[in-house]
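Take a look at the structure below.
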Amino acid sequence: MLKIPNHQVAGHKAIDGILGPLIDDSGNFYKPLQNDDRGSNEVSFYESFNSEPRVPKSILKYFPIFHGTKIVNASDGSGLHPHLVLEDVASCYPNPSVMDVKIGSRTWYPQASEEYIKKCLDKDRVTSSITLGFRVSGLKLVGSVANEDDLSWQPDRKFLQNLSAEDVKLLLSKFVSSNMPSEDAAACPDRAFVEKVFGGSNGVLEQLLELKKWFEVQTIFHFYSCSVLMLYDKESLLNGKSSGGAVVKLVDFAHVVDAEGAIDHNFLGGLCSLIKFISDIIASPDDENCISNNNGTKYEH
Ligand SMILES: O=P(O)(O)O[C@@H]1[C@@H](OP(=O)(O)O)[C@H](OP(=O)(O)O)[C@H](O)[C@H](OP(=O)(O)O)[C@H]1OP(=O)(O)O
Ligand SMILES: Nc1ncnc2c1ncn2[C@@H]1O[C@H](COP(=O)(O)OP(=O)(O)O)[C@@H](O)[C@H]1O
């Protein structure tokens, strides 16, 4: 029995009869192939990625496992439709906090139509993509008590569109905090999970640094409009379960193109920028938890 995922934070969602991803109880994520080139491009990417001998084994873990395609009933009620069958990277978490960060200051690929480039450029300009090299595309923050809906916060696209560098820093700090899963700008994030999630030898920062090393040398693919997904489970971490630890996965390969022997400096630049934000949060002392809001007011504990 396929169902709508609870933990999807961005992209096309299978709500209100729209075509979107579905999951099963066996840990699979069914992403519908879009009817234009995007669906077939993403299938081609997974096929070539998985058969590409130049991709180091250590890098494979940053990509969802690909189980091929399958025709299943679409979420919009339109009947049978081909879907990518991917590993559901959220399936091992009871109640994950999730952040989708679209990497790159430029989300359009060189071969795209003028109309598409304009649409992407407009979004890159109004969001933090051009200024920061990435934008937060989706977010779900969960409170410390599992399964209590009122303790989770999933901001809408509008809220995420206009974030400054300070706002992004605040959001990343909230992502690793046990308090205030809300858009309240006056809230001081306690960063209770900063070491467990961002820091440490298995944390987000180490994972991003490993990815960065690969992006410094790989000249196989250019990953336009692709996202870094960060997930972890607060309750499991609080209970000392190692299974709640943070993972980094790359998702959305509808616009991956051949690198033609060149470094993907667009992705690499965005990744370095995200790494800098996360390193700064790990390094900043606790008394810098309270960050200025949009008016420059500094909130205290
Ligand atoms: O038009 P929208 O607003 O739904 O745009 C989608 C984007 O949502 P956004 O507004 O940037 O959060 C969406 O971005 P996210 O995955 O949500 O970050 C995709 O870029 C999507 O395009 P594609 O399927 O990757 O080709 C975009 O979808 P298309 O409309 O290009 O199919
Ligand atoms: N393999 C996966 N497992 C679990 N969740 C996923 C997976 N792939 C994508 N998602 C969820 O779906 C969202 C949108 O995915 P994406 O591939 O970007 O779709 P779209 O092409 O519609 O933008 C992500 O932000 C994430 O929350």
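Here's how to read the names in the structure tokens: chain A, B, ... by the order shown, residue numbers from 1 in each chain, ligand numbers from 1 in the order shown.
Taking only C-alpha atoms, the non-local environment of A:Gly200 within 12 Å (same-chain residues fewer than 6 positions away omitted) comprises Phe193, Val194, Glu206, Gln207, Gly245, Ala246, Ser279 and Ile282 of chain A.
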Export of prior selection with C-alpha atoms as a PDB file, in the first residue's frame:
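See part_22.pdb below for the written result:
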ATOM      1  CA  PHE A 193      22.189  19.140  19.233  1.00  0.00           C
ATOM      2  CA  VAL A 194      24.915  21.168  17.532  1.00  0.00           C
ATOM      3  CA  GLU A 206      32.366  15.822   8.197  1.00  0.00           C
ATOM      4  CA  GLN A 207      29.946  14.419   5.623  1.00  0.00           C
ATOM      5  CA  GLY A 245      22.275  10.416  13.897  1.00  0.00           C
ATOM      6  CA  ALA A 246      22.532  12.948  11.115  1.00  0.00           C
ATOM      7  CA  SER A 279      31.476  25.509  10.702  1.00  0.00           C
ATOM      8  CA  ILE A 282      29.859  24.891  15.531  1.00  0.00           C
TER       9      ILE A 282
END
**Request:** Output the neighbourhood of ligand 2 as a VMD selection string, that is, all protein and nucleic acid residues with some atom at most 7 Å from the ligand, counting only C-alpha atoms and all ligand atoms.
**Result:** chain A and resid 7 to 12 29 64 86 to 90 100 138 227 229 251 to 252 254
**Complete:** Of A:Pro5, A:Gly270, A:Leu84, A:Ile281, the one sitting nearest A:Thr131 when using only C-alpha atoms is A:Gly270
**Message:** Please find the residues contacting ligand 1 at a distance of at most 10 Å between atoms, with only C-alpha atoms and all ligand atoms counted, and report them as a PyMOL selection string.
**Reply:** chain A and resi 8-13+33-34+36-39+42+100-103+107-108+116+119-120+123-124+127+135-138+156-158+160-161+224-227+251-255
Store the residues of this selection in a file with N, CA and C atoms, as a tab-separated table (two decimals), in the first residue's frame.
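Final output, again.tsv:
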chain	number	residue	atom	x	y	z
A	8	GLN	N	8.35	14.81	3.62
A	8	GLN	CA	8.81	15.53	2.42
A	8	GLN	C	8.74	17.03	2.69
A	9	VAL	N	9.84	17.74	2.45
A	9	VAL	CA	9.86	19.16	2.81
A	9	VAL	C	9.87	20.11	1.61
A	10	ALA	N	10.14	19.60	0.41
A	10	ALA	CA	10.19	20.49	-0.76
A	10	ALA	C	9.66	19.74	-1.98
A	11	GLY	N	9.71	20.42	-3.11
A	11	GLY	CA	9.32	19.78	-4.38
A	11	GLY	C	7.82	19.62	-4.52
A	12	HIS	N	7.43	18.83	-5.51
A	12	HIS	CA	6.02	18.61	-5.81
A	12	HIS	C	5.47	17.60	-4.82
A	13	LYS	N	4.40	17.96	-4.13
A	13	LYS	CA	3.88	17.09	-3.06
A	13	LYS	C	2.56	16.46	-3.45
A	33	LEU	N	7.85	10.09	-12.48
A	33	LEU	CA	8.60	10.70	-13.58
A	33	LEU	C	7.76	11.84	-14.13
A	34	GLN	N	8.38	13.01	-14.22
A	34	GLN	CA	7.66	14.13	-14.82
A	34	GLN	C	7.58	13.88	-16.32
A	36	ASP	N	7.88	15.67	-18.99
A	36	ASP	CA	8.85	16.19	-19.95
A	36	ASP	C	10.19	15.48	-19.75
A	37	ASP	N	11.28	16.12	-20.16
A	37	ASP	CA	12.61	15.48	-20.08
A	37	ASP	C	13.08	15.21	-18.66
A	38	ARG	N	12.48	15.90	-17.68
A	38	ARG	CA	13.04	15.83	-16.34
A	38	ARG	C	13.04	14.42	-15.76
A	39	GLY	N	11.91	13.70	-16.00
A	39	GLY	CA	11.81	12.33	-15.49
A	39	GLY	C	12.87	11.44	-16.11
A	42	GLU	N	16.40	12.17	-14.97
A	42	GLU	CA	16.75	11.69	-13.63
A	42	GLU	C	17.02	10.18	-13.66
A	100	ASP	N	16.15	20.78	3.42
A	100	ASP	CA	16.52	20.64	2.00
A	100	ASP	C	17.21	21.94	1.59
A	101	VAL	N	18.47	21.83	1.18
A	101	VAL	CA	19.22	23.02	0.77
A	101	VAL	C	19.63	22.86	-0.70
A	102	LYS	N	19.04	23.71	-1.54
A	102	LYS	CA	19.34	23.65	-2.97
A	102	LYS	C	20.68	24.34	-3.22
A	103	ILE	N	21.62	23.60	-3.75
A	103	ILE	CA	23.00	24.09	-3.85
A	103	ILE	C	23.28	24.74	-5.21
A	107	THR	N	20.72	27.89	-10.74
A	107	THR	CA	19.98	26.62	-10.78
A	107	THR	C	19.64	26.19	-12.21
A	108	TRP	N	19.96	27.03	-13.19
A	108	TRP	CA	19.65	26.65	-14.57
A	108	TRP	C	20.88	26.05	-15.25
A	116	TYR	N	12.94	28.90	-19.44
A	116	TYR	CA	13.30	28.18	-18.21
A	116	TYR	C	14.40	28.94	-17.45
A	119	LYS	N	12.96	31.84	-15.62
A	119	LYS	CA	12.21	31.41	-14.43
A	119	LYS	C	13.19	31.11	-13.28
A	120	CYS	N	14.26	30.38	-13.61
A	120	CYS	CA	15.24	30.03	-12.57
A	120	CYS	C	15.97	31.27	-12.07
A	123	LYS	N	14.05	33.21	-9.60
A	123	LYS	CA	14.04	32.59	-8.26
A	123	LYS	C	15.41	32.71	-7.60
A	124	ASP	N	16.47	32.58	-8.41
A	124	ASP	CA	17.82	32.67	-7.83
A	124	ASP	C	18.05	34.06	-7.25
A	127	THR	N	15.75	34.67	-3.95
A	127	THR	CA	16.13	33.84	-2.81
A	127	THR	C	17.60	34.13	-2.48
A	135	ARG	N	20.12	27.94	-1.31
A	135	ARG	CA	18.92	28.43	-0.65
A	135	ARG	C	18.26	27.28	0.09
A	136	VAL	N	17.62	27.62	1.21
A	136	VAL	CA	16.86	26.60	1.94
A	136	VAL	C	15.55	26.42	1.19
A	137	SER	N	15.35	25.22	0.65
A	137	SER	CA	14.15	24.96	-0.16
A	137	SER	C	13.02	24.37	0.66
A	138	GLY	N	13.37	23.73	1.74
A	138	GLY	CA	12.33	23.10	2.56
A	138	GLY	C	12.88	22.76	3.92
A	156	ASP	N	6.37	27.67	5.14
A	156	ASP	CA	5.99	27.60	3.73
A	156	ASP	C	7.07	28.23	2.86
A	157	ARG	N	6.92	28.05	1.55
A	157	ARG	CA	7.93	28.52	0.59
A	157	ARG	C	8.20	30.01	0.71
A	158	LYS	N	7.11	30.76	0.94
A	158	LYS	CA	7.24	32.23	1.01
A	158	LYS	C	8.22	32.62	2.10
A	160	LEU	N	10.61	30.90	3.29
A	160	LEU	CA	11.99	30.49	3.00
A	160	LEU	C	12.63	31.31	1.88
A	161	GLN	N	11.78	32.01	1.11
A	161	GLN	CA	12.31	32.68	-0.08
A	161	GLN	C	13.21	33.87	0.20
A	224	TYR	N	23.06	20.70	-11.44
A	224	TYR	CA	22.23	21.90	-11.33
A	224	TYR	C	20.95	21.60	-10.56
A	225	SER	N	20.57	22.52	-9.69
A	225	SER	CA	19.29	22.45	-8.99
A	225	SER	C	19.15	21.21	-8.10
A	226	CYS	N	20.28	20.72	-7.67
A	226	CYS	CA	20.28	19.52	-6.82
A	226	CYS	C	20.35	19.96	-5.35
A	227	SER	N	19.80	19.16	-4.47
A	227	SER	CA	19.74	19.56	-3.05
A	227	SER	C	20.56	18.65	-2.15
A	251	VAL	N	19.76	14.86	-3.31
A	251	VAL	CA	18.53	14.46	-4.01
A	251	VAL	C	18.23	15.43	-5.16
A	252	ASP	N	17.44	14.97	-6.07
A	252	ASP	CA	16.92	15.72	-7.23
A	252	ASP	C	17.98	15.88	-8.32
A	253	PHE	N	17.93	14.94	-9.25
A	253	PHE	CA	18.92	14.92	-10.33
A	253	PHE	C	18.28	15.12	-11.70
A	254	ALA	N	17.18	15.86	-11.70
A	254	ALA	CA	16.46	16.08	-12.97
A	254	ALA	C	17.25	16.99	-13.91
A	255	HIS	N	18.19	17.75	-13.35
A	255	HIS	CA	18.92	18.71	-14.18
A	255	HIS	C	20.43	18.50	-14.11
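Summary of the local environment: counting only C-alpha atoms, residues at most 10 Å from A:Val217, other than itself and those fewer than 6 positions away along its chain, are Ala262, Ile263 and Asp264 of chain A.
Residues with any atom within 12 Å of A:Phe277, counting only C-alpha atoms and excluding same-chain neighbours fewer than 3 positions away, are Leu132, Gly133, Phe134, Ala165, Glu166, Asp167, Val168, Lys169, Leu170, Leu171, Leu172, Ser173, Phe198, Val204, Leu205, Leu208, Gly270, Leu271, Cys272, Ser273, Leu274, Asp280, Ile281, Ile282, Ala283 and Ser284 of chain A.
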Go ahead and dump the residues you just picked, C-alpha atoms, as a PDB file, in the first residue's frame.
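Wrote result_33.pdb, looks like this:
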ATOM      1  CA  LEU A 132      24.937  32.764  -0.572  1.00  0.00           C
ATOM      2  CA  GLY A 133      25.382  30.074  -3.234  1.00  0.00           C
ATOM      3  CA  PHE A 134      22.484  28.039  -1.834  1.00  0.00           C
ATOM      4  CA  ALA A 165      22.674  35.414   5.684  1.00  0.00           C
ATOM      5  CA  GLU A 166      21.658  36.128   9.307  1.00  0.00           C
ATOM      6  CA  ASP A 167      18.283  34.461   8.793  1.00  0.00           C
ATOM      7  CA  VAL A 168      19.963  31.370   7.346  1.00  0.00           C
ATOM      8  CA  LYS A 169      22.341  31.242  10.294  1.00  0.00           C
ATOM      9  CA  LEU A 170      19.388  31.469  12.673  1.00  0.00           C
ATOM     10  CA  LEU A 171      17.509  28.740  10.804  1.00  0.00           C
ATOM     11  CA  LEU A 172      20.521  26.417  10.832  1.00  0.00           C
ATOM     12  CA  SER A 173      20.897  27.067  14.577  1.00  0.00           C
ATOM     13  CA  PHE A 198      26.693  19.218  12.911  1.00  0.00           C
ATOM     14  CA  VAL A 204      26.933  16.843   8.957  1.00  0.00           C
ATOM     15  CA  LEU A 205      30.136  18.890   8.668  1.00  0.00           C
ATOM     16  CA  LEU A 208      29.845  17.696   3.699  1.00  0.00           C
ATOM     17  CA  GLY A 270      27.573  26.574  -2.898  1.00  0.00           C
ATOM     18  CA  LEU A 271      28.767  23.588  -0.905  1.00  0.00           C
ATOM     19  CA  CYS A 272      31.748  25.573   0.453  1.00  0.00           C
ATOM     20  CA  SER A 273      29.392  28.361   1.460  1.00  0.00           C
ATOM     21  CA  LEU A 274      27.087  25.950   3.335  1.00  0.00           C
ATOM     22  CA  ASP A 280      30.752  28.988  12.072  1.00  0.00           C
ATOM     23  CA  ILE A 281      27.777  27.703  14.044  1.00  0.00           C
ATOM     24  CA  ILE A 282      29.859  24.891  15.531  1.00  0.00           C
ATOM     25  CA  ALA A 283      32.669  27.317  16.374  1.00  0.00           C
ATOM     26  CA  SER A 284      30.589  30.174  17.755  1.00  0.00           C
TER      27      SER A 284
END
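Proximity ranking of A:Ile71, A:Met99, A:Val142, A:Val248 relative to A:Glu235 places A:Val142 first, based on only C-alpha atoms.
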**Request:** Check stretch 40-225 of chain A with DSSP on the backbone and list each residue it calls strand (DSSP E), as number ranges by chain.
**Result:** A: 66-73, 80-87, 97-103, 134-142, 152-153, 221-223
**Prompt:** Which residues, written as a list in words, have at least one atom at most 8 Å from A:Asp190, with only C-alpha atoms counted and residues fewer than 4 positions away on the same chain left out?
**Reply:** Ser173, Lys174, Ser177, Ser178, Asn179 and Asn289 of chain A
